[in-house]
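J.: Coordinates in start_6.cif, mmCIF, C-alpha atoms, are listed below.
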data_work
#
loop_
_atom_site.group_PDB
_atom_site.id
_atom_site.type_symbol
_atom_site.label_atom_id
_atom_site.label_comp_id
_atom_site.auth_asym_id
_atom_site.auth_seq_id
_atom_site.Cartn_x
_atom_site.Cartn_y
_atom_site.Cartn_z
ATOM 1 C CA MET A 1 43.924 65.526 100.813
ATOM 2 C CA SER A 2 47.328 63.958 100.277
ATOM 3 C CA ILE A 3 48.558 60.386 100.491
ATOM 4 C CA ASN A 4 52.025 59.446 101.704
ATOM 5 C CA ARG A 5 52.420 55.670 101.193
ATOM 6 C CA VAL A 6 55.379 53.795 99.732
ATOM 7 C CA ASN A 7 55.698 50.155 98.667
ATOM 8 C CA ILE A 8 59.110 48.897 97.566
ATOM 9 C CA SER A 9 60.877 45.586 97.276
ATOM 10 C CA GLY A 10 64.582 45.061 96.914
ATOM 11 C CA ASN A 11 67.770 43.858 98.570
ATOM 12 C CA LEU A 12 69.444 45.312 101.653
ATOM 13 C CA THR A 13 72.613 47.171 100.671
ATOM 14 C CA ARG A 14 74.196 46.958 104.125
ATOM 15 C CA ASP A 15 73.686 45.281 107.479
ATOM 16 C CA PRO A 16 71.099 47.130 109.577
ATOM 17 C CA GLU A 17 72.357 49.534 112.229
ATOM 18 C CA LEU A 18 70.497 49.435 115.568
ATOM 19 C CA ARG A 19 70.867 52.378 117.933
ATOM 20 C CA MET A 20 68.936 53.941 120.789
ATOM 21 C CA THR A 21 67.980 57.540 121.543
ATOM 22 C CA GLY A 22 68.593 59.123 124.937
ATOM 23 C CA SER A 23 64.922 58.549 125.796
ATOM 24 C CA GLY A 24 65.196 54.810 125.018
ATOM 25 C CA THR A 25 63.538 54.671 121.578
ATOM 26 C CA GLN A 26 65.151 52.047 119.369
ATOM 27 C CA ILE A 27 66.027 53.048 115.802
ATOM 28 C CA LEU A 28 66.950 50.564 113.068
ATOM 29 C CA SER A 29 68.340 52.009 109.843
ATOM 30 C CA PHE A 30 69.278 50.192 106.654
ATOM 31 C CA GLY A 31 69.408 50.723 102.911
ATOM 32 C CA VAL A 32 67.512 48.947 100.137
ATOM 33 C CA ALA A 33 68.458 48.804 96.453
ATOM 34 C CA VAL A 34 65.490 48.932 94.081
ATOM 35 C CA ASN A 35 66.100 48.405 90.359
ATOM 36 C CA ASP A 36 64.574 50.555 87.639
ATOM 37 C CA ARG A 37 64.579 49.546 83.953
ATOM 38 C CA ARG A 38 65.750 52.135 81.432
ATOM 39 C CA ARG A 39 66.706 51.986 77.796
ATOM 40 C CA ASN A 40 70.345 52.916 77.142
ATOM 41 C CA PRO A 41 70.309 55.613 74.426
ATOM 42 C CA GLN A 42 73.689 54.504 72.963
ATOM 43 C CA THR A 43 73.035 50.739 72.739
ATOM 44 C CA ASN A 44 69.218 50.855 72.680
ATOM 45 C CA GLU A 45 69.294 47.946 75.193
ATOM 46 C CA TRP A 46 67.297 47.772 78.419
ATOM 47 C CA GLU A 47 69.394 48.089 81.592
ATOM 48 C CA ASP A 48 68.718 47.733 85.305
ATOM 49 C CA VAL A 49 69.592 50.965 87.109
ATOM 50 C CA PRO A 50 69.664 50.751 90.921
ATOM 51 C CA ASN A 51 68.000 53.300 93.191
ATOM 52 C CA PHE A 52 69.296 53.342 96.753
ATOM 53 C CA VAL A 53 66.660 54.018 99.404
ATOM 54 C CA ASP A 54 67.389 54.782 103.075
ATOM 55 C CA CYS A 55 64.909 53.133 105.454
ATOM 56 C CA VAL A 56 64.265 53.476 109.185
ATOM 57 C CA VAL A 57 62.177 51.554 111.758
ATOM 58 C CA PHE A 58 61.313 53.063 115.151
ATOM 59 C CA GLY A 59 60.271 51.509 118.437
ATOM 60 C CA ALA A 60 59.918 47.996 119.776
ATOM 61 C CA ARG A 61 59.993 46.375 116.313
ATOM 62 C CA ALA A 62 63.520 47.643 115.602
ATOM 63 C CA GLU A 63 65.456 45.112 117.713
ATOM 64 C CA PRO A 64 63.606 41.951 116.544
ATOM 65 C CA LEU A 65 63.935 43.047 112.926
ATOM 66 C CA SER A 66 67.678 43.591 113.331
ATOM 67 C CA ARG A 67 68.065 39.870 114.074
ATOM 68 C CA PHE A 68 66.362 38.826 110.826
ATOM 69 C CA LEU A 69 67.796 41.341 108.361
ATOM 70 C CA SER A 70 71.265 41.293 106.856
ATOM 71 C CA LYS A 71 73.040 42.615 103.780
ATOM 72 C CA GLY A 72 71.588 40.998 100.654
ATOM 73 C CA SER A 73 68.245 40.038 102.244
ATOM 74 C CA LYS A 74 65.312 40.516 99.875
ATOM 75 C CA VAL A 75 62.411 42.371 101.498
ATOM 76 C CA ALA A 76 59.135 44.064 100.639
ATOM 77 C CA LEU A 77 58.489 47.243 102.617
ATOM 78 C CA GLU A 78 55.516 49.483 103.197
ATOM 79 C CA GLY A 79 55.772 52.847 104.862
ATOM 80 C CA LYS A 80 55.780 56.588 104.327
ATOM 81 C CA LEU A 81 58.276 59.116 103.026
ATOM 82 C CA ARG A 82 59.979 61.544 105.384
ATOM 83 C CA TYR A 83 62.094 64.495 104.262
ATOM 84 C CA SER A 84 64.900 65.828 106.465
ATOM 85 C CA SER A 85 67.253 68.758 105.902
ATOM 86 C CA TRP A 86 70.124 70.104 107.990
ATOM 87 C CA GLU A 87 73.228 72.231 107.827
ATOM 88 C CA THR A 88 76.679 70.683 108.247
ATOM 89 C CA LYS A 89 79.401 72.123 110.482
ATOM 90 C CA ASP A 90 81.052 73.698 107.435
ATOM 91 C CA GLY A 91 77.792 75.476 106.471
ATOM 92 C CA GLN A 92 76.598 73.249 103.639
ATOM 93 C CA ARG A 93 72.884 72.392 103.349
ATOM 94 C CA ARG A 94 72.116 68.659 103.215
ATOM 95 C CA SER A 95 68.848 66.825 102.785
ATOM 96 C CA LYS A 96 67.556 63.306 102.399
ATOM 97 C CA LEU A 97 64.354 61.460 101.713
ATOM 98 C CA GLU A 98 63.856 58.184 103.576
ATOM 99 C CA VAL A 99 61.151 55.586 104.132
ATOM 100 C CA VAL A 100 59.747 55.261 107.656
ATOM 101 C CA VAL A 101 58.850 51.562 107.547
ATOM 102 C CA ASP A 102 55.496 50.319 108.862
ATOM 103 C CA GLU A 103 55.579 46.745 107.506
ATOM 104 C CA VAL A 104 58.334 44.354 106.434
ATOM 105 C CA GLU A 105 57.864 41.092 104.578
ATOM 106 C CA PHE A 106 60.840 38.786 104.156
ATOM 107 C CA LEU A 107 61.167 37.546 100.575
ATOM 108 C CA SER A 108 64.348 35.500 101.035
ATOM 109 C CA SER A 109 64.937 32.713 103.505
ATOM 110 C CA ARG A 110 67.158 33.238 106.522
ATOM 111 C CA ASN A 111 69.846 30.695 107.320
ATOM 112 C CA PRO A 112 71.156 31.324 110.869
ATOM 113 C CA GLN A 113 74.309 29.553 112.066
ATOM 114 C CA GLY A 114 75.005 28.268 108.554
ATOM 115 C CA GLY A 115 72.750 25.212 108.919
ATOM 116 C CA ALA A 116 69.637 24.205 107.075
ATOM 117 C CA PRO A 117 66.918 26.830 106.665
ATOM 118 C CA GLN A 118 64.681 27.181 109.692
ATOM 119 C CA ALA A 119 61.245 25.617 109.931
ATOM 120 C CA ALA A 120 58.003 27.318 108.932
ATOM 121 C CA ALA A 121 58.073 29.511 112.049
ATOM 122 C CA TYR A 122 60.467 31.827 110.212
ATOM 123 C CA ALA A 123 59.224 31.242 106.660
ATOM 124 C CA ASN A 124 57.490 34.564 106.009
ATOM 125 C CA PRO A 125 57.131 36.633 109.178
ATOM 126 C CA THR A 126 55.582 40.066 108.706
ATOM 127 C CA TYR A 127 56.169 42.883 111.154
ATOM 128 C CA ALA A 128 53.198 45.229 110.979
ATOM 129 C CA ALA A 129 52.588 48.623 112.507
ATOM 130 C CA PRO A 130 49.262 49.408 114.186
ATOM 131 C CA ALA A 131 46.429 50.220 111.773
ATOM 132 C CA ALA A 132 45.467 53.434 113.590
ATOM 133 C CA ALA A 133 46.584 56.691 112.005
ATOM 134 C CA ALA A 134 47.665 58.250 115.315
ATOM 135 C CA PRO A 135 51.191 57.389 116.516
ATOM 136 C CA MET A 136 51.372 55.017 119.448
ATOM 137 C CA PRO A 137 53.728 55.393 122.398
ATOM 138 C CA VAL A 138 56.797 53.161 122.271
ATOM 139 C CA ALA A 139 55.621 51.081 125.245
ATOM 140 C CA ALA A 140 52.381 50.231 123.409
ATOM 141 C CA ALA A 141 54.048 49.149 120.161
ATOM 142 C CA PRO A 142 52.702 45.822 118.877
ATOM 143 C CA MET A 143 54.656 42.620 119.148
ATOM 144 C CA PRO A 144 55.867 41.056 115.884
ATOM 145 C CA GLN A 145 53.232 39.074 114.021
ATOM 146 C CA GLN A 146 53.952 36.180 111.721
ATOM 147 C CA THR A 147 51.950 35.303 108.641
ATOM 148 C CA TYR A 148 52.157 32.057 106.746
ATOM 149 C CA ALA A 149 51.265 31.363 103.143
ATOM 150 C CA ALA A 150 48.881 28.508 102.437
ATOM 151 C CA PRO A 151 49.865 26.067 99.682
ATOM 152 C CA VAL A 152 48.481 27.074 96.291
ATOM 153 C CA GLN A 153 46.362 24.490 94.526
ATOM 154 C CA THR A 154 46.607 24.662 90.750
ATOM 155 C CA PRO A 155 43.410 23.609 88.963
ATOM 156 C CA THR A 156 43.653 20.921 86.333
ATOM 157 C CA SER A 157 43.175 22.044 82.751
ATOM 158 C CA ALA A 158 39.663 20.475 82.723
ATOM 159 C CA ASP A 159 38.626 22.874 85.537
ATOM 160 C CA VAL A 160 39.504 26.072 83.633
ATOM 161 C CA PHE A 161 37.108 27.402 80.989
ATOM 162 C CA ASP A 162 37.252 30.514 78.817
ATOM 163 C CA GLU A 163 34.151 31.819 80.578
ATOM 164 C CA ASP A 164 36.061 31.765 83.907
ATOM 165 C CA ILE A 165 38.708 34.223 82.730
ATOM 166 C CA PRO A 166 37.691 37.802 83.622
ATOM 167 C CA PHE A 167 39.156 39.512 80.535
#
Would you put the structure from the file into structure tokens?
T.:
Amino acid sequence: MSINRVNISGNLTRDPELRMTGSGTQILSFGVAVNDRRRNPQTNEWEDVPNFVDCVVFGARAEPLSRFLSKGSKVALEGKLRYSSWETKDGQRRSKLEVVVDEVEFLSSRNPQGGAPQAAAYANPTYAAPAAAAPMPVAAAPMPQQTYAAPVQTPTSADVFDEDIPF
């Protein structure tokens, strides 16, 4: 058995590109920068080193997502890896590894038309793929779903005891 699941969070490196295949399937492609921490051997200091990840969304979710994503947006993504290889016109072999996105969670607020941030309707929408393992036809793709975070209540110090801490 093998598992092909990816979870990343980072910032979009470019505006998403929406296109359509000849059969009418919408394809949204964008890039995400994900930082990795490494120690510099010369200075012995920790540094953030970016990894650039190509991402793609297929089907009915592509167009609505294109309206909410833009360069610099912070997102959390879940999906699977897909490897592609091809030969260029001049005979060189090329390959790439990309994330086929199933779910997107917006981690930064969107500010359309330069005004104040939108109301809670756009606070944290999540676009989720169907839970079934079998691919669904494009016409049956789910509509975008929105999730909202409930306010977190912090207990007072009198409500927290050492016995309540699980470690």
J.: Suppose you want the space between atom CA of Val101 of chain A and atom CA of Glu47 of chain A; what is it in Å?
T.: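 Value for the atom CA of Val101 of chain A-atom CA of Glu47 of chain A distance: 28.2 Å.
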J.: Translate the PyMOL selection byres ((chain A and resi 53-63) around 7), as applied to the file shown, into an explicit residue set as a list in words.
T.: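 Written out, the selection comes to Leu18, Thr25, Gln26, Ile27, Leu28, Ser29, Phe30, Gly31, Val32, Ala33, Asn51, Phe52, Pro64, Leu65, Ser66, Arg67, Glu98, Val99, Val100, Val101, Val138, Ala141 and Pro144 of chain A.
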J.: Using atom CA of Arg38 of chain A and atom CA of Leu107 of chain A as the two end points, give the distance in Å to one decimal.
T.: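 These two atoms are separated by 24.5 Å.
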J.: Return as a VMD selection string the set of residues that the PyMOL selection byres ((chain A and resi 73) around 8) yields on the displayed structure.
T.: chain A and resid 11 to 12 69 to 72 74 to 75 106 to 108
